[in-house]
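Structure first, then comments.
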Amino acid sequence: MRPSRSDNQPLAPLELRNGKNAGRVSLRFLVMAHSVSELARSLGLSYEGDGNRQVSKVSSWQDADEYSLIFTELEKRREILPALPNAACVIAPEAVPSWNTLISQRPKLDFARAAQILKPRLLGAGMRSASAEISPEARIGEMVDLGPHVSVRAGAQIGNDCILWEGVVVGENCMVGEQCVLHPHVVLYPGVRIGSRVTLHAGAVLGSDGFGYVFDGQSQVKFPQIGGLVIEDDVEIGANTTIDRGSLGVTRIRKGAKIDNLVQIAHNVEIGKHTVVAAQTGISGSSKIGNFCTIAGQVGIVGHITIANKTIIGAQSGVSKSVKEEGTIIQGSPAFDYKQNLRALTVFRKLPELQKEIDELKEKL
Amino acid sequence: MRPSRSDNQPLAPLELRNGKNAGRVSLRFLVMAHSVSELARSLGLSYEGDGNRQVSKVSSWQDADEYSLIFTELEKRREILPALPNAACVIAPEAVPSWNTLISQRPKLDFARAAQILKPRLLGAGMRSASAEISPEARIGEMVDLGPHVSVRAGAQIGNDCILWEGVVVGENCMVGEQCVLHPHVVLYPGVRIGSRVTLHAGAVLGSDGFGYVFDGQSQVKFPQIGGLVIEDDVEIGANTTIDRGSLGVTRIRKGAKIDNLVQIAHNVEIGKHTVVAAQTGISGSSKIGNFCTIAGQVGIVGHITIANKTIIGAQSGVSKSVKEEGTIIQGSPAFDYKQNLRALTVFRKLPELQKEIDELKEKL
Amino acid sequence: MRPSRSDNQPLAPLELRNGKNAGRVSLRFLVMAHSVSELARSLGLSYEGDGNRQVSKVSSWQDADEYSLIFTELEKRREILPALPNAACVIAPEAVPSWNTLISQRPKLDFARAAQILKPRLLGAGMRSASAEISPEARIGEMVDLGPHVSVRAGAQIGNDCILWEGVVVGENCMVGEQCVLHPHVVLYPGVRIGSRVTLHAGAVLGSDGFGYVFDGQSQVKFPQIGGLVIEDDVEIGANTTIDRGSLGVTRIRKGAKIDNLVQIAHNVEIGKHTVVAAQTGISGSSKIGNFCTIAGQVGIVGHITIANKTIIGAQSGVSKSVKEEGTIIQGSPAFDYKQNLRALTVFRKLPELQKEIDELKEKL
């Protein structure tokens, strides 16, 4: 498969290549340069220094070169900022002497926004690998990349500008919106619906059967797992994450939610808008997670509960009952108030001494 | 690949399509209708109402239409049952006025059994994708579907009626029984043996090397991982689950066991008959899990222990020693008696107050 | 694809086949026989008994036959060693009467070393499946096996003797060293660098985007995930494990580290040399794990901490702060000193009684 559309577009105003890879044709290292003043305008920021200086990429401090944009949250790092700039520009909350500075009160956020300007979301270019097996009854949009060994089944629809990398499987009657990126080996079981600008990382499985059985006294009888799975716009889902279809109803990941690697989301779960779920967390059947929640790694959430908006759940917590109040912070297994849990854990470590004290008291009496 | 055998069979007595998808050719929505009286006979139940009423699918209450079978465990839901039926039939413990009712003392179980009658297990139809790469030294049964980009290696055997979806890999000398469904990208390492009517969900890896090394003072020397993996009949294994082969002996999943997504089963483990293992649980090397056990999600079980039949292990538990008595219920990390754990956890939350009380007692003395 | 190079080499001194599979052509069962005296020489051990006896494989006690090498750590198992040998040779700390014995003070280690002599690492044989899609701009070494449905993108390099099994995806500009084995469906995102003699098990995803977002008050803005991933020599990585690329810098797995199945390693993490990480463990962004550490299963490690060399972390631990002293053993969530944790857990179980005692004391006063 040849490089996708961003390659073929005129790359205004300047095309640059990473020094170490100069001369090698690579999508990865094709970037668009912008001047400091253009970036300032796009980001809605002011700047100090040379507005014509070209910036072509974001970098860490360590890896920065003459085309790099870096950022600093000055209160932390001012003292380590070198007097002689080693980057084209820095985003900082105030002008840094001798540097070209984009002035931002939220440097990390504007750095992330700048990164999206310098390296926009990849779009398909209408490339189709000869080894892709596309049903004649599937509907493929314009400028869709269909990589090697892709399979798209009958009744499936793929929106414009999507990229399906190697071995992606799109089951019967799936619907995929526009500008989605499906990394290698993503599997959509039949009937899964995906919004637009969704990114699915390699090996993610969407729409597999939920885990439900009824014991008949001798063996496990499978409860029907025939519901749907809806992934709304702007969702990103991590590598090898699994999301089950509804048993009878629908599993739903709402707009803008971000889900990390190796997460398990069971049948009929709902994840709210812009909620983030870190790696290896598992959410049991029919639980509803609110909007703007932050769920750390390796959390377990039991089935059939509701988590209020803006809840924060600490790592490795086991959530066994609903959270009703917005903005609650919980931790522990089972999870309860974060601060109370911390206090209890502090005493937990001293339990042997506590017991000794009690024994002494008993003796004294 | 064209639709599989169930498509080509005469679909007695009536072929229906889901309203929303009428006119679209889809295996997913082809169903067989049965009359209420036929269902009653097949399930061994009595019924009240119109025995000729056609039922073509199971549904949730919310999604039911005129062809739907629903169920209710009356004690919970009687009050919400609408007076005017919105479904063809309900399974309930007693006749529901104005409804066609299948009378069952275990409505959920009979609903699951009915679902299997209305939508039987898919069977292969002998379709072979041109992109499937099948060794001439493999033996493929009758009516086996071999999907796009499947690979079956020399010496492997695939039983009758199996379906291998996209990208399934069957290693050398594997044996797969009859009527198995291997979802996309399932990988069987060489020599794995699978029984009949086994379902393997997408991305499951079976027969990978166990994790065993001997430290020689400078580096980790791999202990041989050359044993077998046997999956018995009627097992279902979830998406992206990994099951290692034995190091020298055999890893074995016994008849009817059900394993959820993202579960890790290490070398030489045995899982008993009809045991269920929920998502993200990990079982360490050489442990033996009994029959009819229920293991909740995110449980960890150390190596070389034995878990008695009918043991129930609560979510996120860490099981560090054998369970000898049948029917034991344990919870916690490390896990112990479920009720004792609950009581200890109750006090745990009050530890700061407990300490204060002790301090006060000490002062008083 | 035909069998790989080890098949074609002269198999000195003797080629044997597993009895049950005699007559079936199979790489799996082709082995090289060595005499007891040859093995002794190769392993630097002395022996007692028949030095000419042929040994062709390692076995467990239960499965041993006349060609088997077994091992025993006598102090444990002497009593169960049968008087009449059921194997060609045993590795034991002292001569076993009537047996051919390789004398070793570390029988398990030498058994593992012997296994590598009897069945050396598989090497590629230059076989290329017609369905492999290899970019003309990729550089493929000598004697590389490229299995069915493999994809290697432009700018990628694959070293000599590598084996890429079914459906492996090597992204743009990846570099893979010599003698690596990439099991089915392994995915390398663009730019990933792999050393030599690396084994990647099925479904492992390397170089996926890290999980980093900046909340702008309304939605999650993706932080750039454009760094690198370096896997050094002799690393082994388990099935369906996910390792993210650096966000700006590099994620690095150092020489000889061994990582089990379903492990999550976040962006910018470093894993030290010869460290072992058991299944389902998750390591958060930017944490640095030392050399020779042992991390058990289902451990969680927070971001931005440092773990000293030779640290041992018990199963299901949650590590929330740096470990500074070499050789520390910790356990618990949050983790602290292993023995203190054990003592605290012992009291934890008795908390209800403790509370009762305090209540009684209060009454008495």
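By convention in this document, the chains of the structure tokens carry letters A, B, ... by their order, each chain's residues are numbered from 1, and ligands are numbered from 1 in the order they are shown.
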*Any idea what's packed within 9 Å of segment 92-98 of chain C, counting only C-alpha atoms, ignoring anything in its chain fewer than 3 positions away? Could you give it as a PyMOL selection string?*
chain C and resi 47-49+70-75+78+81+83-85+101-108
_Polymer residues at most 7 Å from segment 216-221 of chain C, only C-alpha atoms, same-chain spacing of 4 or more positions, as a list of chain:residue names_ = A:Leu109, A:Ala112, A:Gly256, A:His274
Export, as a compact mmCIF listing (two decimals), in the first residue's frame, the selected residues with all heavy atoms.
# COMPACT_ATOMS: atom_id res chain seq x y z
N LEU A 109 -1.49 22.06 27.40
CA LEU A 109 -2.66 21.96 26.53
C LEU A 109 -2.36 22.57 25.15
O LEU A 109 -2.66 21.96 24.12
CB LEU A 109 -3.85 22.67 27.18
CG LEU A 109 -5.11 22.79 26.31
CD1 LEU A 109 -5.63 21.42 25.90
CD2 LEU A 109 -6.20 23.57 27.05
N ALA A 112 -0.19 20.39 23.10
CA ALA A 112 -0.96 19.29 22.50
C ALA A 112 -1.75 19.79 21.29
O ALA A 112 -1.82 19.11 20.25
CB ALA A 112 -1.88 18.66 23.53
N GLY A 256 -16.23 11.20 22.54
CA GLY A 256 -15.01 11.73 23.13
C GLY A 256 -14.39 10.91 24.24
O GLY A 256 -13.37 11.31 24.80
N HIS A 274 -16.40 11.96 27.12
CA HIS A 274 -15.10 12.51 27.54
C HIS A 274 -14.56 11.86 28.80
O HIS A 274 -13.69 12.42 29.46
CB HIS A 274 -15.20 14.04 27.69
CG HIS A 274 -15.78 14.70 26.48
ND1 HIS A 274 -15.14 14.68 25.27
CD2 HIS A 274 -16.96 15.35 26.28
CE1 HIS A 274 -15.90 15.31 24.37
NE2 HIS A 274 -17.00 15.72 24.95
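Atom CA of Ile243 of chain A is positioned 24.0 Å from atom CA of Ala64 of chain B.
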*Looking only at the backbone, which of the residues in segment 150-337 of chain C does DSSP tag as strand (DSSP E or B), as a ChimeraX atom specification?*
/C:151-152,157-158,163-164,169-170,175-176,181-182,187-188,193-194,199-200,205-208,213-215,220-222,228-231,236-237,242-244,250-253,258-259,264-265,270-271,276-277,282-283,288-289,294-295,300-301,306-307,312-313,318-319,323,329-331,336-337
_When you look at segment 303-317 of chain C with a cut-off of 8 Å (counting only C-alpha atoms), what residues show up, excluding the ones that are within fewer than 2 positions of it in the same chain? I need them as a ChimeraX atom specification._
/B:300,318,333 /C:272,283-301,319-335,338
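Restricting the calculation to only C-alpha atoms, the smallest distance between Phe111 of chain B and any of A:Ile163, A:Ala204, A:Leu248, A:Val277 is found for A:Leu248.
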*Using only C-alpha atoms, which residue out of C:Ala130, C:Leu39, C:Ile259, C:Val181 lies closest to Cys89 of chain C?*
C:Leu39
*Check segment 267-346 of chain B with DSSP on the backbone and list each residue it calls alpha helix (DSSP H), as a list of chain:residue names.*
B:Tyr338, B:Lys339, B:Gln340, B:Asn341, B:Leu342, B:Arg343, B:Ala344, B:Leu345, B:Thr346
Would you mind exporting N, CA and C atoms of the selected residues as a PDB file, in the first residue's frame?
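Writing done, so here's out_2.pdb:
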ATOM      1  N   TYR B 338     -15.652 -15.341  52.868  1.00  0.00           N
ATOM      2  CA  TYR B 338     -16.353 -14.190  52.330  1.00  0.00           C
ATOM      3  C   TYR B 338     -16.984 -13.314  53.417  1.00  0.00           C
ATOM      4  N   LYS B 339     -17.649 -13.948  54.388  1.00  0.00           N
ATOM      5  CA  LYS B 339     -18.328 -13.161  55.420  1.00  0.00           C
ATOM      6  C   LYS B 339     -17.332 -12.553  56.396  1.00  0.00           C
ATOM      7  N   GLN B 340     -16.328 -13.337  56.750  1.00  0.00           N
ATOM      8  CA  GLN B 340     -15.283 -12.791  57.625  1.00  0.00           C
ATOM      9  C   GLN B 340     -14.588 -11.614  56.962  1.00  0.00           C
ATOM     10  N   ASN B 341     -14.354 -11.741  55.673  1.00  0.00           N
ATOM     11  CA  ASN B 341     -13.709 -10.656  54.933  1.00  0.00           C
ATOM     12  C   ASN B 341     -14.566  -9.404  54.982  1.00  0.00           C
ATOM     13  N   LEU B 342     -15.850  -9.576  54.777  1.00  0.00           N
ATOM     14  CA  LEU B 342     -16.773  -8.437  54.819  1.00  0.00           C
ATOM     15  C   LEU B 342     -16.726  -7.760  56.182  1.00  0.00           C
ATOM     16  N   ARG B 343     -16.747  -8.583  57.239  1.00  0.00           N
ATOM     17  CA  ARG B 343     -16.718  -8.016  58.588  1.00  0.00           C
ATOM     18  C   ARG B 343     -15.405  -7.271  58.839  1.00  0.00           C
ATOM     19  N   ALA B 344     -14.295  -7.866  58.398  1.00  0.00           N
ATOM     20  CA  ALA B 344     -12.999  -7.209  58.593  1.00  0.00           C
ATOM     21  C   ALA B 344     -12.945  -5.885  57.817  1.00  0.00           C
ATOM     22  N   LEU B 345     -13.517  -5.893  56.623  1.00  0.00           N
ATOM     23  CA  LEU B 345     -13.510  -4.665  55.812  1.00  0.00           C
ATOM     24  C   LEU B 345     -14.326  -3.555  56.472  1.00  0.00           C
ATOM     25  N   THR B 346     -15.393  -3.958  57.136  1.00  0.00           N
ATOM     26  CA  THR B 346     -16.216  -2.967  57.824  1.00  0.00           C
ATOM     27  C   THR B 346     -15.405  -2.260  58.895  1.00  0.00           C
TER      28      THR B 346
END
_Which of C:Leu43, C:Ile226, C:Ile253, C:Leu118 sits closest to chain A [using only C-alpha atoms]_ = C:Ile226
